[in-house]
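Structure first, then comments.
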Amino acid sequence: MILQIQNEFLDDVSKEVIVLIMIEAKATKFSSIVADTTMNISKMNKFSLTAYLLCDQDSSDSVERFVCCKNIDNSESEILYDVMSATIQDLGMDLQFCQGQAYEGVSNIFVSISV
């Protein structure tokens, strides 16, 4: 029972944080992303995405936002690209204005995006 309440609370907080990140992402024009994959101790592949958002176009102030950590079945470039592009679209970010891309552990996704 306690674990269920804890998990519901964390889910609710997580949804609110994502809404705040979505507001920031829609308010900024330029951004950068960092994607990463790792295998945890239980041998489950995890995909994470971090966004760097330019707060004010008249200054160089930016913020870094951890966006997600998702379980993935494998690290094939098509699956990674689908997860990443869906997450970016959900945030309201436009890859057209993405000024930087970094891939740590997911270098095979670079081919899918740059082609």
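Identifiers in the structure tokens: chain A, B, ... in order shown; residue index from 1 per chain; ligand index from 1 in order shown.
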
**Prompt:** Residues at most 9 Å from Lys29 (chain A), counting only C-alpha atoms, excluding those fewer than 6 positions away in the same chain, as a list in words?
**Reply:**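 These residues fall inside the cut-off: Leu53, Leu54, Cys55, Gln57, Met93, Asp94, Phe97 and Cys98 of chain A.
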
Enumerate, as a JSON list (two decimals) with N, CA and C atoms, in the first residue's frame, the complete set of residues in chain A that a backbone-based DSSP assignment places in helix (DSSP H, G or I).
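The new file selection-v4.json reads:
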[["chain", "number", "residue", "atom", "x", "y", "z"],
["A", 2, "ILE", "N", 1.88, 1.27, 0.88],
["A", 2, "ILE", "CA", 2.75, 2.44, 0.97],
["A", 2, "ILE", "C", 3.52, 2.64, -0.33],
["A", 3, "LEU", "N", 4.00, 1.54, -0.92],
["A", 3, "LEU", "CA", 4.73, 1.65, -2.17],
["A", 3, "LEU", "C", 3.82, 2.17, -3.29],
["A", 4, "GLN", "N", 2.58, 1.77, -3.29],
["A", 4, "GLN", "CA", 1.64, 2.25, -4.30],
["A", 4, "GLN", "C", 1.42, 3.75, -4.16],
["A", 5, "ILE", "N", 1.26, 4.23, -2.94],
["A", 5, "ILE", "CA", 1.08, 5.66, -2.69],
["A", 5, "ILE", "C", 2.33, 6.42, -3.10],
["A", 6, "GLN", "N", 3.50, 5.88, -2.74],
["A", 6, "GLN", "CA", 4.76, 6.51, -3.12],
["A", 6, "GLN", "C", 4.88, 6.61, -4.63],
["A", 7, "ASN", "N", 4.59, 5.53, -5.34],
["A", 7, "ASN", "CA", 4.70, 5.53, -6.80],
["A", 7, "ASN", "C", 3.70, 6.48, -7.46],
["A", 8, "GLU", "N", 2.48, 6.54, -6.93],
["A", 8, "GLU", "CA", 1.49, 7.48, -7.46],
["A", 8, "GLU", "C", 1.95, 8.92, -7.25],
["A", 9, "PHE", "N", 2.50, 9.20, -6.07],
["A", 9, "PHE", "CA", 3.01, 10.54, -5.78],
["A", 9, "PHE", "C", 4.13, 10.91, -6.76],
["A", 10, "LEU", "N", 5.08, 10.01, -6.96],
["A", 10, "LEU", "CA", 6.19, 10.27, -7.87],
["A", 10, "LEU", "C", 5.71, 10.45, -9.31],
["A", 11, "ASP", "N", 4.72, 9.66, -9.71],
["A", 11, "ASP", "CA", 4.15, 9.82, -11.06],
["A", 11, "ASP", "C", 3.51, 11.20, -11.22],
["A", 12, "ASP", "N", 2.76, 11.63, -10.21],
["A", 12, "ASP", "CA", 2.10, 12.94, -10.28],
["A", 12, "ASP", "C", 3.10, 14.08, -10.33],
["A", 13, "VAL", "N", 4.13, 14.00, -9.49],
["A", 13, "VAL", "CA", 5.17, 15.03, -9.49],
["A", 13, "VAL", "C", 5.89, 15.05, -10.83],
["A", 14, "SER", "N", 6.20, 13.87, -11.34],
["A", 14, "SER", "CA", 6.88, 13.77, -12.63],
["A", 14, "SER", "C", 6.08, 14.41, -13.75],
["A", 15, "LYS", "N", 4.78, 14.19, -13.76],
["A", 15, "LYS", "CA", 3.92, 14.79, -14.80],
["A", 15, "LYS", "C", 3.92, 16.32, -14.69],
["A", 16, "GLU", "N", 3.90, 16.84, -13.48],
["A", 16, "GLU", "CA", 3.93, 18.29, -13.30],
["A", 16, "GLU", "C", 5.25, 18.90, -13.77],
["A", 17, "VAL", "N", 6.35, 18.20, -13.48],
["A", 17, "VAL", "CA", 7.67, 18.69, -13.91],
["A", 17, "VAL", "C", 7.74, 18.69, -15.43],
["A", 18, "ILE", "N", 7.23, 17.64, -16.07],
["A", 18, "ILE", "CA", 7.24, 17.58, -17.54],
["A", 18, "ILE", "C", 6.41, 18.73, -18.12],
["A", 19, "VAL", "N", 5.30, 19.06, -17.51],
["A", 19, "VAL", "CA", 4.49, 20.19, -17.98],
["A", 19, "VAL", "C", 5.30, 21.49, -17.91],
["A", 20, "LEU", "N", 6.04, 21.68, -16.83],
["A", 20, "LEU", "CA", 6.87, 22.88, -16.70],
["A", 20, "LEU", "C", 7.98, 22.90, -17.76],
["A", 21, "ILE", "N", 8.57, 21.75, -18.04],
["A", 21, "ILE", "CA", 9.60, 21.68, -19.08],
["A", 21, "ILE", "C", 8.98, 21.96, -20.44],
["A", 22, "MET", "N", 7.77, 21.48, -20.68],
["A", 22, "MET", "CA", 7.07, 21.74, -21.95],
["A", 22, "MET", "C", 6.85, 23.24, -22.13],
["A", 23, "ILE", "N", 6.47, 23.92, -21.07],
["A", 23, "ILE", "CA", 6.25, 25.37, -21.14],
["A", 23, "ILE", "C", 7.56, 26.07, -21.49],
["A", 24, "GLU", "N", 8.65, 25.67, -20.84],
["A", 24, "GLU", "CA", 9.95, 26.26, -21.15],
["A", 24, "GLU", "C", 10.37, 25.96, -22.59],
["A", 25, "ALA", "N", 10.16, 24.73, -23.03],
["A", 25, "ALA", "CA", 10.57, 24.33, -24.38],
["A", 25, "ALA", "C", 9.81, 25.10, -25.45],
["A", 26, "LYS", "N", 8.53, 25.35, -25.20],
["A", 26, "LYS", "CA", 7.72, 26.10, -26.18],
["A", 26, "LYS", "C", 8.07, 27.59, -26.18],
["A", 27, "ALA", "N", 8.59, 28.08, -25.06],
["A", 27, "ALA", "CA", 8.91, 29.49, -24.95],
["A", 27, "ALA", "C", 10.26, 29.83, -25.57],
["A", 77, "SER", "N", 19.14, 1.69, -33.89],
["A", 77, "SER", "CA", 19.00, 3.12, -34.19],
["A", 77, "SER", "C", 17.55, 3.52, -34.44],
["A", 78, "GLU", "N", 16.76, 2.67, -35.10],
["A", 78, "GLU", "CA", 15.37, 3.02, -35.39],
["A", 78, "GLU", "C", 14.55, 3.16, -34.11],
["A", 79, "ILE", "N", 14.77, 2.25, -33.17],
["A", 79, "ILE", "CA", 14.03, 2.31, -31.89],
["A", 79, "ILE", "C", 14.45, 3.56, -31.11],
["A", 80, "LEU", "N", 15.75, 3.82, -31.05],
["A", 80, "LEU", "CA", 16.23, 5.00, -30.33],
["A", 80, "LEU", "C", 15.70, 6.28, -30.95],
["A", 81, "TYR", "N", 15.71, 6.33, -32.28],
["A", 81, "TYR", "CA", 15.21, 7.52, -32.97],
["A", 81, "TYR", "C", 13.73, 7.72, -32.68],
["A", 82, "ASP", "N", 12.95, 6.64, -32.74],
["A", 82, "ASP", "CA", 11.51, 6.74, -32.48],
["A", 82, "ASP", "C", 11.23, 7.24, -31.06],
["A", 83, "VAL", "N", 11.94, 6.70, -30.08],
["A", 83, "VAL", "CA", 11.75, 7.13, -28.69],
["A", 83, "VAL", "C", 12.14, 8.59, -28.53],
["A", 84, "MET", "N", 13.29, 8.96, -29.10],
["A", 84, "MET", "CA", 13.77, 10.33, -28.97],
["A", 84, "MET", "C", 12.85, 11.32, -29.68],
["A", 85, "SER", "N", 12.46, 11.02, -30.91],
["A", 85, "SER", "CA", 11.63, 11.98, -31.65],
["A", 85, "SER", "C", 10.25, 12.11, -31.02],
["A", 86, "ALA", "N", 9.69, 11.01, -30.50],
["A", 86, "ALA", "CA", 8.38, 11.10, -29.82],
["A", 86, "ALA", "C", 8.48, 11.95, -28.57],
["A", 87, "THR", "N", 9.56, 11.80, -27.82],
["A", 87, "THR", "CA", 9.75, 12.59, -26.60],
["A", 87, "THR", "C", 9.91, 14.07, -26.93],
["A", 88, "ILE", "N", 10.68, 14.36, -27.96],
["A", 88, "ILE", "CA", 10.90, 15.75, -28.37],
["A", 88, "ILE", "C", 9.60, 16.37, -28.86],
["A", 89, "GLN", "N", 8.81, 15.62, -29.62],
["A", 89, "GLN", "CA", 7.52, 16.14, -30.10],
["A", 89, "GLN", "C", 6.57, 16.37, -28.93],
["A", 90, "ASP", "N", 6.56, 15.44, -27.96],
["A", 90, "ASP", "CA", 5.70, 15.61, -26.78],
["A", 90, "ASP", "C", 6.04, 16.89, -26.02],
["A", 91, "LEU", "N", 7.32, 17.26, -26.02],
["A", 91, "LEU", "CA", 7.73, 18.49, -25.33],
["A", 91, "LEU", "C", 7.40, 19.74, -26.11],
["A", 95, "LEU", "N", 12.94, 20.11, -33.92],
["A", 95, "LEU", "CA", 14.31, 19.74, -34.28],
["A", 95, "LEU", "C", 14.93, 20.68, -35.30],
["A", 96, "GLN", "N", 14.11, 21.42, -36.02],
["A", 96, "GLN", "CA", 14.62, 22.39, -36.99],
["A", 96, "GLN", "C", 15.48, 23.45, -36.30],
["A", 97, "PHE", "N", 15.14, 23.77, -35.05],
["A", 97, "PHE", "CA", 15.88, 24.78, -34.30],
["A", 97, "PHE", "C", 16.82, 24.17, -33.27],
["A", 109, "ILE", "N", 22.48, 6.32, -33.48],
["A", 109, "ILE", "CA", 21.30, 7.13, -33.83],
["A", 109, "ILE", "C", 21.69, 8.31, -34.73],
["A", 110, "PHE", "N", 22.95, 8.71, -34.69],
["A", 110, "PHE", "CA", 23.41, 9.84, -35.49],
["A", 110, "PHE", "C", 23.11, 9.64, -36.97],
["A", 111, "VAL", "N", 23.25, 8.44, -37.44],
["A", 111, "VAL", "CA", 22.98, 8.14, -38.86],
["A", 111, "VAL", "C", 21.52, 8.40, -39.19],
["A", 112, "SER", "N", 20.61, 8.03, -38.31],
["A", 112, "SER", "CA", 19.19, 8.22, -38.57],
["A", 112, "SER", "C", 18.81, 9.69, -38.66],
["A", 113, "ILE", "N", 19.45, 10.54, -37.88],
["A", 113, "ILE", "CA", 19.08, 11.94, -37.83],
["A", 113, "ILE", "C", 19.79, 12.74, -38.93],
["A", 114, "SER", "N", 21.03, 12.42, -39.21],
["A", 114, "SER", "CA", 21.79, 13.23, -40.14],
["A", 114, "SER", "C", 21.50, 12.90, -41.60]]

**Members of chain A assigned strand (DSSP E) by DSSP, as a ChimeraX atom specification** = /A:31-39,45-54,62-72,98-104

Can you write out the residues you just picked, keeping C-alpha atoms, as an mmCIF file, in the first residue's frame?
data_model
loop_
_atom_site.group_PDB
_atom_site.id
_atom_site.type_symbol
_atom_site.label_atom_id
_atom_site.label_comp_id
_atom_site.auth_asym_id
_atom_site.auth_seq_id
_atom_site.Cartn_x
_atom_site.Cartn_y
_atom_site.Cartn_z
ATOM 1 C CA SER A 31 17.810 24.163 -27.997
ATOM 2 C CA SER A 32 20.261 21.293 -27.858
ATOM 3 C CA ILE A 33 19.752 17.695 -26.846
ATOM 4 C CA VAL A 34 21.871 14.994 -25.257
ATOM 5 C CA ALA A 35 20.773 11.371 -25.624
ATOM 6 C CA ASP A 36 22.311 8.437 -23.788
ATOM 7 C CA THR A 37 21.739 4.747 -23.251
ATOM 8 C CA THR A 38 22.989 2.507 -20.510
ATOM 9 C CA MET A 39 22.310 -0.957 -19.182
ATOM 10 C CA ASN A 45 18.491 -0.927 -21.403
ATOM 11 C CA LYS A 46 17.651 2.638 -20.390
ATOM 12 C CA PHE A 47 17.363 5.645 -22.679
ATOM 13 C CA SER A 48 17.759 9.135 -21.237
ATOM 14 C CA LEU A 49 17.258 12.533 -22.820
ATOM 15 C CA THR A 50 18.441 15.910 -21.567
ATOM 16 C CA ALA A 51 17.486 19.222 -23.176
ATOM 17 C CA TYR A 52 19.429 22.466 -23.074
ATOM 18 C CA LEU A 53 17.087 25.397 -23.622
ATOM 19 C CA LEU A 54 18.098 28.959 -24.441
ATOM 20 C CA SER A 62 20.367 28.565 -20.806
ATOM 21 C CA VAL A 63 18.942 25.839 -18.613
ATOM 22 C CA GLU A 64 19.580 22.123 -18.589
ATOM 23 C CA ARG A 65 16.545 19.885 -18.081
ATOM 24 C CA PHE A 66 16.588 16.142 -17.560
ATOM 25 C CA VAL A 67 13.607 15.091 -19.644
ATOM 26 C CA CYS A 68 13.200 11.342 -19.349
ATOM 27 C CA CYS A 69 14.596 7.945 -18.591
ATOM 28 C CA LYS A 70 12.779 5.162 -20.435
ATOM 29 C CA ASN A 71 13.150 1.414 -20.693
ATOM 30 C CA ILE A 72 13.951 0.231 -24.211
ATOM 31 C CA CYS A 98 17.997 22.210 -32.485
ATOM 32 C CA GLN A 99 21.458 23.749 -32.558
ATOM 33 C CA GLY A 100 23.341 20.853 -31.011
ATOM 34 C CA GLN A 101 23.047 17.113 -30.682
ATOM 35 C CA ALA A 102 25.183 14.848 -28.495
ATOM 36 C CA TYR A 103 24.919 11.092 -28.312
ATOM 37 C CA GLU A 104 26.718 9.205 -25.589
#
